[in-house]
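Heads up: the structure comes next, in structure tokens.
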Amino acid sequence: AVMALEGAGVAPGAGEVIVTGAAGGVGSMSVALLSTLGHSVAAATGRKDAHEYLGTLGAASIVERAELAAPTDRPLESARWAGGIDAVGGDILAALLRQADYGGAIAACGNAGGLALNTTVLPFILRGVSLLGIDSVLADQSKRRAVWERLDRDLARDKLEAMTTVAPFAALPGLAADIVAGK
């Protein structure tokens with residue numbers, strides 16, 4: 001998703017970049033990578049206990065998930081994001097599209113918030129916003145190698161350690177239940 005944003009022209013200094021589901025696996029990696037690359041990152045989460053953690057990964061600001069999920073009948077909102085990585089989908093993705101800045105790009109790579117996308121064409125035709133799909137299923141080996149090389153080069157080891165836990169195999173059922181419960 002980070003490489004897709006780069007390909008769409010979202011560069012450090014272009015404006016704030018948002019990551020939704022920021023305390024999850026994809027979100028944490030995205031916050032860490034984008035901040036290391038020099039982006040000002042807004043981390044969106046519904047977990048108040050994750051604010052400090054997200055700061056250690058490089059988030060410059062925190063956006064409450066409820067703020068993004070608030071219902072609206074407006075097809076566009078104030079331009080806010082130069083880019084974004086959405087690991088949630090549904091109403092959250094629709095909000096990012098409404099708030100994307102002129103020429104902004106949003107990479108969609110999750111659907112925990114729903115499969116439906118209720119939006120209009122206005123972000124695309126009035127602001128030139130790009131919605132980027134992320135394919136992790138059929139990506140060829142050369143693309144996979146490039147991603148792993150970027151992770152090796154750009155992911156700070158201390159940030160990787162902050163987002164990982166080593167546990168014995170016997171603990172996996174309990175850890176899986178925690179993940180499903182949003183912990």
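Simple scheme: letters A, B, ... for chains in structure tokens order, numbers from 1 for residues in each chain, numbers from 1 for ligands in the order shown.
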
Excluding same-chain residues fewer than 6 positions from range 86-93 of chain A, what lies within 6 Å of it counting only C-alpha atoms, as JSON, numbers by chain? {"A": [19, 20, 21, 68, 69, 108, 109, 110, 111, 112, 113, 114, 115, 116, 117]}

Output the selection as a short mmCIF file (atom, residue, chain, number, x, y, z; two decimals), in the first residue's frame - all heavy atoms for each residue.
data_model
loop_
_atom_site.label_atom_id
_atom_site.label_comp_id
_atom_site.auth_asym_id
_atom_site.auth_seq_id
_atom_site.Cartn_x
_atom_site.Cartn_y
_atom_site.Cartn_z
N VAL A 19 -3.81 6.73 8.13
CA VAL A 19 -3.84 5.27 8.15
C VAL A 19 -4.99 4.86 9.06
O VAL A 19 -5.02 5.26 10.23
CB VAL A 19 -2.52 4.69 8.68
CG1 VAL A 19 -2.61 3.17 8.81
CG2 VAL A 19 -1.35 5.09 7.78
N THR A 20 -5.94 4.08 8.52
CA THR A 20 -7.05 3.59 9.34
C THR A 20 -6.73 2.20 9.85
O THR A 20 -5.90 1.49 9.29
CB THR A 20 -8.37 3.58 8.55
OG1 THR A 20 -8.26 2.62 7.49
CG2 THR A 20 -8.70 4.96 8.00
N GLY A 21 -7.39 1.82 10.93
CA GLY A 21 -7.07 0.54 11.56
C GLY A 21 -5.62 0.54 12.00
O GLY A 21 -4.93 -0.47 11.95
N LEU A 68 -14.40 9.61 11.91
CA LEU A 68 -14.48 9.22 10.49
C LEU A 68 -15.79 8.51 10.17
O LEU A 68 -16.28 8.59 9.05
CB LEU A 68 -13.30 8.32 10.12
CG LEU A 68 -11.93 8.98 10.13
CD1 LEU A 68 -10.85 7.93 9.88
CD2 LEU A 68 -11.84 10.09 9.10
N ALA A 69 -16.32 7.79 11.15
CA ALA A 69 -17.53 7.00 10.92
C ALA A 69 -18.81 7.80 11.11
O ALA A 69 -19.90 7.26 10.88
CB ALA A 69 -17.53 5.79 11.87
N ALA A 108 -6.83 1.06 -0.68
CA ALA A 108 -7.77 0.23 0.07
C ALA A 108 -7.22 -1.19 0.17
O ALA A 108 -6.95 -1.83 -0.84
CB ALA A 108 -9.13 0.22 -0.62
N CYS A 109 -7.07 -1.66 1.42
CA CYS A 109 -6.50 -3.00 1.61
C CYS A 109 -7.17 -3.78 2.74
O CYS A 109 -6.59 -4.72 3.27
CB CYS A 109 -5.00 -2.92 1.82
SG CYS A 109 -4.50 -1.91 3.21
N GLY A 110 -8.38 -3.40 3.11
CA GLY A 110 -9.07 -4.12 4.18
C GLY A 110 -10.56 -3.98 4.08
O GLY A 110 -11.07 -3.11 3.36
N ASN A 111 -11.27 -4.84 4.81
CA ASN A 111 -12.73 -4.79 4.75
C ASN A 111 -13.38 -5.12 6.09
O ASN A 111 -14.54 -5.51 6.13
CB ASN A 111 -13.26 -5.70 3.65
CG ASN A 111 -12.90 -7.16 3.87
OD1 ASN A 111 -12.43 -7.53 4.95
ND2 ASN A 111 -13.10 -7.98 2.87
N ALA A 112 -12.67 -4.95 7.18
CA ALA A 112 -13.23 -5.24 8.51
C ALA A 112 -14.46 -4.37 8.81
O ALA A 112 -15.33 -4.77 9.57
CB ALA A 112 -12.18 -5.04 9.59
N GLY A 113 -14.53 -3.20 8.20
CA GLY A 113 -15.65 -2.29 8.42
C GLY A 113 -16.79 -2.48 7.45
O GLY A 113 -17.77 -1.74 7.49
N GLY A 114 -16.67 -3.45 6.56
CA GLY A 114 -17.74 -3.74 5.62
C GLY A 114 -17.26 -3.80 4.19
O GLY A 114 -16.22 -3.24 3.82
N LEU A 115 -18.04 -4.48 3.37
CA LEU A 115 -17.71 -4.66 1.96
C LEU A 115 -18.32 -3.57 1.08
O LEU A 115 -17.80 -3.28 0.00
CB LEU A 115 -18.20 -6.02 1.47
CG LEU A 115 -17.60 -7.24 2.17
CD1 LEU A 115 -18.26 -8.52 1.68
CD2 LEU A 115 -16.10 -7.29 1.93
N ALA A 116 -19.41 -2.97 1.51
CA ALA A 116 -20.09 -1.97 0.70
C ALA A 116 -19.33 -0.64 0.75
O ALA A 116 -18.72 -0.30 1.76
CB ALA A 116 -21.52 -1.76 1.20
N LEU A 117 -19.38 0.08 -0.35
CA LEU A 117 -18.75 1.40 -0.42
C LEU A 117 -19.79 2.40 -0.90
O LEU A 117 -20.13 2.46 -2.08
CB LEU A 117 -17.54 1.38 -1.37
CG LEU A 117 -16.80 2.70 -1.54
CD1 LEU A 117 -16.30 3.21 -0.19
CD2 LEU A 117 -15.66 2.53 -2.51
#

Considering only helix (DSSP H, G or I) as DSSP defines it on the backbone, what residues of range 37-138 of chain A qualify? List them as a compact mmCIF listing (two decimals) with all heavy atoms, in the first residue's frame.
# COMPACT_ATOMS: atom_id res chain seq x y z
N LYS A 48 -8.45 3.67 22.43
CA LYS A 48 -7.80 4.74 23.20
C LYS A 48 -6.49 4.27 23.82
O LYS A 48 -5.56 5.05 23.96
CB LYS A 48 -8.74 5.28 24.27
CG LYS A 48 -9.94 6.01 23.67
CD LYS A 48 -10.69 6.78 24.71
CE LYS A 48 -11.93 7.45 24.16
NZ LYS A 48 -11.72 8.28 23.01
N ASP A 49 -6.41 2.99 24.17
CA ASP A 49 -5.19 2.46 24.78
C ASP A 49 -4.02 2.36 23.78
O ASP A 49 -2.91 2.08 24.18
CB ASP A 49 -5.45 1.09 25.42
CG ASP A 49 -5.84 0.03 24.41
OD1 ASP A 49 -6.49 0.35 23.39
OD2 ASP A 49 -5.51 -1.16 24.65
N ALA A 50 -4.28 2.61 22.50
CA ALA A 50 -3.24 2.49 21.48
C ALA A 50 -2.58 3.81 21.11
O ALA A 50 -1.63 3.82 20.33
CB ALA A 50 -3.83 1.84 20.23
N HIS A 51 -3.03 4.92 21.66
CA HIS A 51 -2.51 6.23 21.26
C HIS A 51 -1.00 6.34 21.48
O HIS A 51 -0.27 6.79 20.59
CB HIS A 51 -3.24 7.34 21.98
CG HIS A 51 -4.68 7.47 21.57
ND1 HIS A 51 -5.44 8.55 21.90
CD2 HIS A 51 -5.51 6.66 20.86
CE1 HIS A 51 -6.67 8.40 21.42
NE2 HIS A 51 -6.73 7.25 20.80
N GLU A 52 -0.52 5.97 22.65
CA GLU A 52 0.91 6.07 22.95
C GLU A 52 1.71 5.15 22.02
O GLU A 52 2.74 5.54 21.48
CB GLU A 52 1.18 5.72 24.41
CG GLU A 52 2.63 5.87 24.81
CD GLU A 52 2.87 5.57 26.28
OE1 GLU A 52 1.95 5.72 27.10
OE2 GLU A 52 4.00 5.18 26.59
N TYR A 53 1.23 3.93 21.85
CA TYR A 53 1.86 2.96 20.95
C TYR A 53 2.01 3.53 19.54
O TYR A 53 3.07 3.46 18.93
CB TYR A 53 1.04 1.67 20.94
CG TYR A 53 1.30 0.74 19.79
CD1 TYR A 53 2.49 0.03 19.70
CD2 TYR A 53 0.34 0.57 18.79
CE1 TYR A 53 2.72 -0.84 18.63
CE2 TYR A 53 0.56 -0.29 17.73
CZ TYR A 53 1.75 -0.99 17.65
OH TYR A 53 1.98 -1.84 16.60
N LEU A 54 0.94 4.12 19.02
CA LEU A 54 0.98 4.69 17.67
C LEU A 54 1.97 5.85 17.59
O LEU A 54 2.63 6.03 16.57
CB LEU A 54 -0.42 5.11 17.23
CG LEU A 54 -1.38 3.92 17.02
CD1 LEU A 54 -2.81 4.42 16.90
CD2 LEU A 54 -0.96 3.10 15.82
N GLY A 55 2.10 6.61 18.66
CA GLY A 55 3.10 7.67 18.71
C GLY A 55 4.51 7.11 18.61
O GLY A 55 5.36 7.69 17.94
N THR A 56 4.77 5.97 19.26
CA THR A 56 6.10 5.37 19.18
C THR A 56 6.40 4.86 17.78
O THR A 56 7.56 4.79 17.39
CB THR A 56 6.29 4.20 20.19
OG1 THR A 56 5.43 3.13 19.83
CG2 THR A 56 6.04 4.64 21.60
N LEU A 57 5.35 4.53 17.02
CA LEU A 57 5.56 4.09 15.63
C LEU A 57 5.77 5.26 14.68
O LEU A 57 6.17 5.06 13.54
CB LEU A 57 4.37 3.25 15.16
CG LEU A 57 4.13 1.94 15.88
CD1 LEU A 57 2.94 1.21 15.26
CD2 LEU A 57 5.37 1.06 15.85
N ARG A 65 -11.69 6.94 15.43
CA ARG A 65 -12.47 6.22 14.42
C ARG A 65 -13.88 6.78 14.33
O ARG A 65 -14.43 6.93 13.23
CB ARG A 65 -12.49 4.73 14.74
CG ARG A 65 -13.34 3.92 13.78
CD ARG A 65 -13.30 2.44 14.05
NE ARG A 65 -13.64 2.14 15.43
CZ ARG A 65 -13.11 1.13 16.11
NH1 ARG A 65 -12.24 0.34 15.57
NH2 ARG A 65 -13.49 0.92 17.36
N ALA A 66 -14.49 7.12 15.46
CA ALA A 66 -15.86 7.64 15.48
C ALA A 66 -15.98 8.92 14.66
O ALA A 66 -17.01 9.18 14.05
CB ALA A 66 -16.31 7.87 16.91
N GLU A 67 -14.92 9.72 14.64
CA GLU A 67 -14.93 10.96 13.85
C GLU A 67 -15.08 10.64 12.36
O GLU A 67 -15.81 11.31 11.64
CB GLU A 67 -13.63 11.73 14.11
CG GLU A 67 -13.48 12.99 13.30
CD GLU A 67 -12.13 13.66 13.51
OE1 GLU A 67 -11.50 13.44 14.56
OE2 GLU A 67 -11.71 14.39 12.60
N LEU A 68 -14.40 9.61 11.91
CA LEU A 68 -14.48 9.22 10.49
C LEU A 68 -15.79 8.51 10.17
O LEU A 68 -16.28 8.59 9.05
CB LEU A 68 -13.30 8.32 10.12
CG LEU A 68 -11.93 8.98 10.13
CD1 LEU A 68 -10.85 7.93 9.88
CD2 LEU A 68 -11.84 10.09 9.10
N ALA A 69 -16.32 7.79 11.15
CA ALA A 69 -17.53 7.00 10.92
C ALA A 69 -18.81 7.80 11.11
O ALA A 69 -19.90 7.26 10.88
CB ALA A 69 -17.53 5.79 11.87
N GLY A 90 -15.63 -0.01 4.05
CA GLY A 90 -16.97 0.46 4.40
C GLY A 90 -17.09 1.96 4.54
O GLY A 90 -16.56 2.72 3.72
N ASP A 91 -17.78 2.41 5.59
CA ASP A 91 -18.03 3.82 5.80
C ASP A 91 -16.75 4.63 6.04
O ASP A 91 -16.67 5.80 5.70
CB ASP A 91 -18.98 4.02 6.99
CG ASP A 91 -20.38 3.52 6.70
OD1 ASP A 91 -20.75 3.39 5.51
OD2 ASP A 91 -21.12 3.27 7.67
N ILE A 92 -15.74 3.98 6.62
CA ILE A 92 -14.47 4.68 6.87
C ILE A 92 -13.80 5.01 5.54
O ILE A 92 -13.32 6.13 5.33
CB ILE A 92 -13.55 3.82 7.76
CG1 ILE A 92 -14.20 3.52 9.11
CG2 ILE A 92 -12.18 4.47 7.91
CD1 ILE A 92 -14.40 4.70 10.02
N LEU A 93 -13.77 4.06 4.62
CA LEU A 93 -13.19 4.31 3.30
C LEU A 93 -13.96 5.42 2.58
O LEU A 93 -13.36 6.32 1.98
CB LEU A 93 -13.17 3.04 2.46
CG LEU A 93 -12.68 3.17 1.02
CD1 LEU A 93 -11.29 3.81 0.95
CD2 LEU A 93 -12.69 1.81 0.34
N ALA A 94 -15.28 5.40 2.67
CA ALA A 94 -16.09 6.44 2.04
C ALA A 94 -15.74 7.81 2.62
O ALA A 94 -15.64 8.81 1.89
CB ALA A 94 -17.58 6.14 2.22
N ALA A 95 -15.51 7.88 3.94
CA ALA A 95 -15.14 9.16 4.57
C ALA A 95 -13.78 9.64 4.06
O ALA A 95 -13.61 10.83 3.79
CB ALA A 95 -15.10 9.00 6.09
N LEU A 96 -12.83 8.75 3.92
CA LEU A 96 -11.51 9.16 3.42
C LEU A 96 -11.62 9.72 2.01
O LEU A 96 -10.94 10.71 1.67
CB LEU A 96 -10.52 7.98 3.43
CG LEU A 96 -10.18 7.38 4.78
CD1 LEU A 96 -9.03 6.40 4.63
CD2 LEU A 96 -9.85 8.43 5.82
N LEU A 97 -12.43 9.11 1.18
CA LEU A 97 -12.61 9.61 -0.19
C LEU A 97 -13.23 11.01 -0.18
O LEU A 97 -12.81 11.88 -0.94
CB LEU A 97 -13.47 8.64 -1.01
CG LEU A 97 -12.82 7.28 -1.28
CD1 LEU A 97 -13.85 6.32 -1.88
CD2 LEU A 97 -11.61 7.43 -2.19
N ARG A 98 -14.22 11.23 0.70
CA ARG A 98 -14.85 12.56 0.79
C ARG A 98 -13.87 13.61 1.28
O ARG A 98 -14.02 14.79 0.99
CB ARG A 98 -16.04 12.52 1.75
CG ARG A 98 -17.27 11.81 1.25
CD ARG A 98 -18.47 12.05 2.16
NE ARG A 98 -18.25 11.75 3.56
CZ ARG A 98 -18.43 10.55 4.12
NH1 ARG A 98 -18.86 9.54 3.39
NH2 ARG A 98 -18.21 10.37 5.40
N GLN A 99 -12.87 13.20 2.08
CA GLN A 99 -11.94 14.14 2.70
C GLN A 99 -10.59 14.22 1.99
O GLN A 99 -9.73 15.00 2.39
CB GLN A 99 -11.71 13.74 4.16
CG GLN A 99 -12.95 13.81 5.00
CD GLN A 99 -12.76 13.22 6.39
OE1 GLN A 99 -11.67 12.81 6.77
NE2 GLN A 99 -13.83 13.17 7.17
N LEU A 122 -18.10 12.42 -6.99
CA LEU A 122 -17.55 13.77 -6.82
C LEU A 122 -16.08 13.81 -6.40
O LEU A 122 -15.32 14.62 -6.94
CB LEU A 122 -18.42 14.59 -5.89
CG LEU A 122 -19.81 14.94 -6.44
CD1 LEU A 122 -20.56 15.83 -5.47
CD2 LEU A 122 -19.73 15.57 -7.82
N PRO A 123 -15.61 12.97 -5.46
CA PRO A 123 -14.17 13.04 -5.14
C PRO A 123 -13.29 12.75 -6.37
O PRO A 123 -12.21 13.31 -6.51
CB PRO A 123 -13.99 11.95 -4.08
CG PRO A 123 -15.33 11.76 -3.48
CD PRO A 123 -16.31 12.01 -4.59
N PHE A 124 -13.78 11.90 -7.25
CA PHE A 124 -13.01 11.49 -8.41
C PHE A 124 -13.03 12.54 -9.52
O PHE A 124 -12.00 12.81 -10.14
CB PHE A 124 -13.52 10.15 -8.93
CG PHE A 124 -13.60 9.10 -7.85
CD1 PHE A 124 -14.82 8.68 -7.35
CD2 PHE A 124 -12.45 8.54 -7.32
CE1 PHE A 124 -14.89 7.73 -6.34
CE2 PHE A 124 -12.51 7.59 -6.30
CZ PHE A 124 -13.73 7.19 -5.82
N ILE A 125 -14.20 13.16 -9.76
CA ILE A 125 -14.30 14.08 -10.88
C ILE A 125 -14.05 15.54 -10.51
O ILE A 125 -13.73 16.35 -11.38
CB ILE A 125 -15.64 13.94 -11.64
CG1 ILE A 125 -16.83 14.33 -10.76
CG2 ILE A 125 -15.79 12.53 -12.18
CD1 ILE A 125 -18.17 14.35 -11.49
N LEU A 126 -14.20 15.90 -9.24
CA LEU A 126 -13.95 17.29 -8.84
C LEU A 126 -12.57 17.49 -8.21
O LEU A 126 -12.02 18.59 -8.27
CB LEU A 126 -15.03 17.78 -7.87
CG LEU A 126 -16.44 17.89 -8.45
CD1 LEU A 126 -17.41 18.40 -7.40
CD2 LEU A 126 -16.46 18.78 -9.68

Could you list, as JSON, numbers by chain, every residue within 8 Å of Ala32 in chain A, counting only C-alpha atoms and ignoring same-chain residues fewer than 5 positions away? {"A": [57, 58, 59, 155, 156, 159]}

For the selection you just gave me, I'd like the residues written to a file as a PDB file, in the first residue's frame, keeping N, CA and C atoms.
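Once written, part_1.pdb looks like this:
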ATOM      1  N   LEU A  57       5.355   4.531  17.022  1.00  0.00           N
ATOM      2  CA  LEU A  57       5.560   4.094  15.632  1.00  0.00           C
ATOM      3  C   LEU A  57       5.768   5.265  14.681  1.00  0.00           C
ATOM      4  N   GLY A  58       5.466   6.485  15.153  1.00  0.00           N
ATOM      5  CA  GLY A  58       5.696   7.660  14.322  1.00  0.00           C
ATOM      6  C   GLY A  58       4.472   8.462  13.962  1.00  0.00           C
ATOM      7  N   ALA A  59       3.318   8.130  14.513  1.00  0.00           N
ATOM      8  CA  ALA A  59       2.112   8.914  14.222  1.00  0.00           C
ATOM      9  C   ALA A  59       2.272  10.327  14.760  1.00  0.00           C
ATOM     10  N   LEU A 155      11.854  -0.373   7.161  1.00  0.00           N
ATOM     11  CA  LEU A 155      11.175  -0.594   8.435  1.00  0.00           C
ATOM     12  C   LEU A 155      12.200  -0.610   9.560  1.00  0.00           C
ATOM     13  N   ALA A 156      12.156   0.406  10.395  1.00  0.00           N
ATOM     14  CA  ALA A 156      13.090   0.516  11.518  1.00  0.00           C
ATOM     15  C   ALA A 156      12.901  -0.670  12.452  1.00  0.00           C
ATOM     16  N   LYS A 159      10.897  -0.138  15.620  1.00  0.00           N
ATOM     17  CA  LYS A 159       9.450  -0.069  15.398  1.00  0.00           C
ATOM     18  C   LYS A 159       8.871  -1.458  15.170  1.00  0.00           C
TER      19      LYS A 159
END

At what distance in Å, to one decimal, does CA of Ala8 in chain A lie from CA of Ala82 in chain A? 10.7 Å

For Gly104 in chain A, list every protein, DNA or RNA residue within 6 Å, evaluated using only C-alpha atoms, and leave out those in the same chain fewer than 2 positions away; present the list as JSON, numbers by chain. {"A": [82, 83, 100, 101, 102, 129]}

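Computed from the coordinates, the CA of Pro71 in chain A to CA of Ala105 in chain A distance equals 22.0 Å.
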
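Closest to Glu161 in chain A among A:Gly103, A:Ala22, A:Ser28, A:Val147 is A:Ser28, based on only C-alpha atoms.
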
Strand (DSSP E) residues, from DSSP on the backbone, in range 5-134 of chain A, as an MDAnalysis selection string: chainID A and resid 17:20 41:45 61:64 81:86 100:108 130:133

Based on the selection just made, write N, CA and C atoms of those residues as a short mmCIF file (atom, residue, chain, number, x, y, z; two decimals), in the first residue's frame.
data_model
loop_
_atom_site.label_atom_id
_atom_site.label_comp_id
_atom_site.auth_asym_id
_atom_site.auth_seq_id
_atom_site.Cartn_x
_atom_site.Cartn_y
_atom_site.Cartn_z
N VAL A 17 -0.99 12.27 5.71
CA VAL A 17 -1.43 10.97 5.22
C VAL A 17 -2.10 10.25 6.39
N ILE A 18 -3.24 9.63 6.12
CA ILE A 18 -3.98 8.93 7.18
C ILE A 18 -3.87 7.42 7.00
N VAL A 19 -3.81 6.73 8.13
CA VAL A 19 -3.84 5.27 8.15
C VAL A 19 -4.99 4.86 9.06
N THR A 20 -5.94 4.08 8.52
CA THR A 20 -7.05 3.59 9.34
C THR A 20 -6.73 2.20 9.85
N VAL A 41 1.97 11.50 9.55
CA VAL A 41 0.97 10.45 9.58
C VAL A 41 -0.07 10.69 10.66
N ALA A 42 -1.35 10.63 10.25
CA ALA A 42 -2.47 10.64 11.18
C ALA A 42 -2.91 9.19 11.33
N ALA A 43 -2.95 8.70 12.54
CA ALA A 43 -3.34 7.32 12.82
C ALA A 43 -4.77 7.29 13.31
N ALA A 44 -5.64 6.60 12.58
CA ALA A 44 -7.05 6.50 12.98
C ALA A 44 -7.27 5.18 13.69
N THR A 45 -7.87 5.27 14.88
CA THR A 45 -8.13 4.08 15.68
C THR A 45 -9.32 4.33 16.59
N SER A 61 -0.32 12.48 14.67
CA SER A 61 -1.61 12.81 15.29
C SER A 61 -2.48 11.56 15.32
N ILE A 62 -3.51 11.63 16.16
CA ILE A 62 -4.47 10.54 16.30
C ILE A 62 -5.84 11.05 15.87
N VAL A 63 -6.54 10.26 15.08
CA VAL A 63 -7.91 10.56 14.68
C VAL A 63 -8.79 9.46 15.25
N GLU A 64 -9.82 9.85 15.96
CA GLU A 64 -10.74 8.87 16.53
C GLU A 64 -11.58 8.25 15.41
N TRP A 81 -6.67 15.04 3.44
CA TRP A 81 -5.63 14.04 3.34
C TRP A 81 -4.96 14.05 1.97
N ALA A 82 -3.64 14.12 1.95
CA ALA A 82 -2.89 13.99 0.70
C ALA A 82 -2.95 12.55 0.22
N GLY A 83 -3.08 11.63 1.18
CA GLY A 83 -3.17 10.22 0.85
C GLY A 83 -3.60 9.44 2.06
N GLY A 84 -3.83 8.17 1.85
CA GLY A 84 -4.22 7.34 2.96
C GLY A 84 -4.11 5.87 2.65
N ILE A 85 -3.98 5.10 3.71
CA ILE A 85 -4.03 3.65 3.62
C ILE A 85 -5.19 3.22 4.50
N ASP A 86 -6.17 2.59 3.86
CA ASP A 86 -7.38 2.18 4.58
C ASP A 86 -7.40 0.67 4.75
N ALA A 100 -10.40 13.44 0.94
CA ALA A 100 -9.12 13.45 0.24
C ALA A 100 -8.89 14.79 -0.44
N ASP A 101 -7.65 15.24 -0.41
CA ASP A 101 -7.26 16.51 -1.02
C ASP A 101 -7.21 16.37 -2.54
N TYR A 102 -7.08 17.47 -3.23
CA TYR A 102 -6.98 17.49 -4.68
C TYR A 102 -5.79 16.64 -5.12
N GLY A 103 -6.05 15.68 -6.01
CA GLY A 103 -5.00 14.79 -6.49
C GLY A 103 -4.58 13.74 -5.49
N GLY A 104 -5.30 13.62 -4.38
CA GLY A 104 -4.96 12.64 -3.34
C GLY A 104 -5.23 11.21 -3.79
N ALA A 105 -4.68 10.27 -3.03
CA ALA A 105 -4.87 8.86 -3.34
C ALA A 105 -5.10 8.09 -2.05
N ILE A 106 -6.05 7.16 -2.11
CA ILE A 106 -6.35 6.30 -0.97
C ILE A 106 -6.16 4.86 -1.42
N ALA A 107 -5.31 4.13 -0.70
CA ALA A 107 -5.07 2.71 -0.99
C ALA A 107 -5.97 1.88 -0.08
N ALA A 108 -6.83 1.06 -0.68
CA ALA A 108 -7.77 0.23 0.07
C ALA A 108 -7.22 -1.19 0.17
N SER A 130 -7.71 9.37 -6.42
CA SER A 130 -7.50 8.01 -6.92
C SER A 130 -7.80 7.02 -5.79
N LEU A 131 -8.53 5.97 -6.12
CA LEU A 131 -8.77 4.86 -5.21
C LEU A 131 -7.91 3.71 -5.72
N LEU A 132 -6.96 3.29 -4.90
CA LEU A 132 -5.98 2.29 -5.30
C LEU A 132 -6.32 0.95 -4.67
N GLY A 133 -6.46 -0.07 -5.47
CA GLY A 133 -6.69 -1.42 -4.97
C GLY A 133 -5.35 -2.10 -4.74
#

CA of Thr119 in chain A sits from CA of Pro75 in chain A at a separation of 7.1 Å
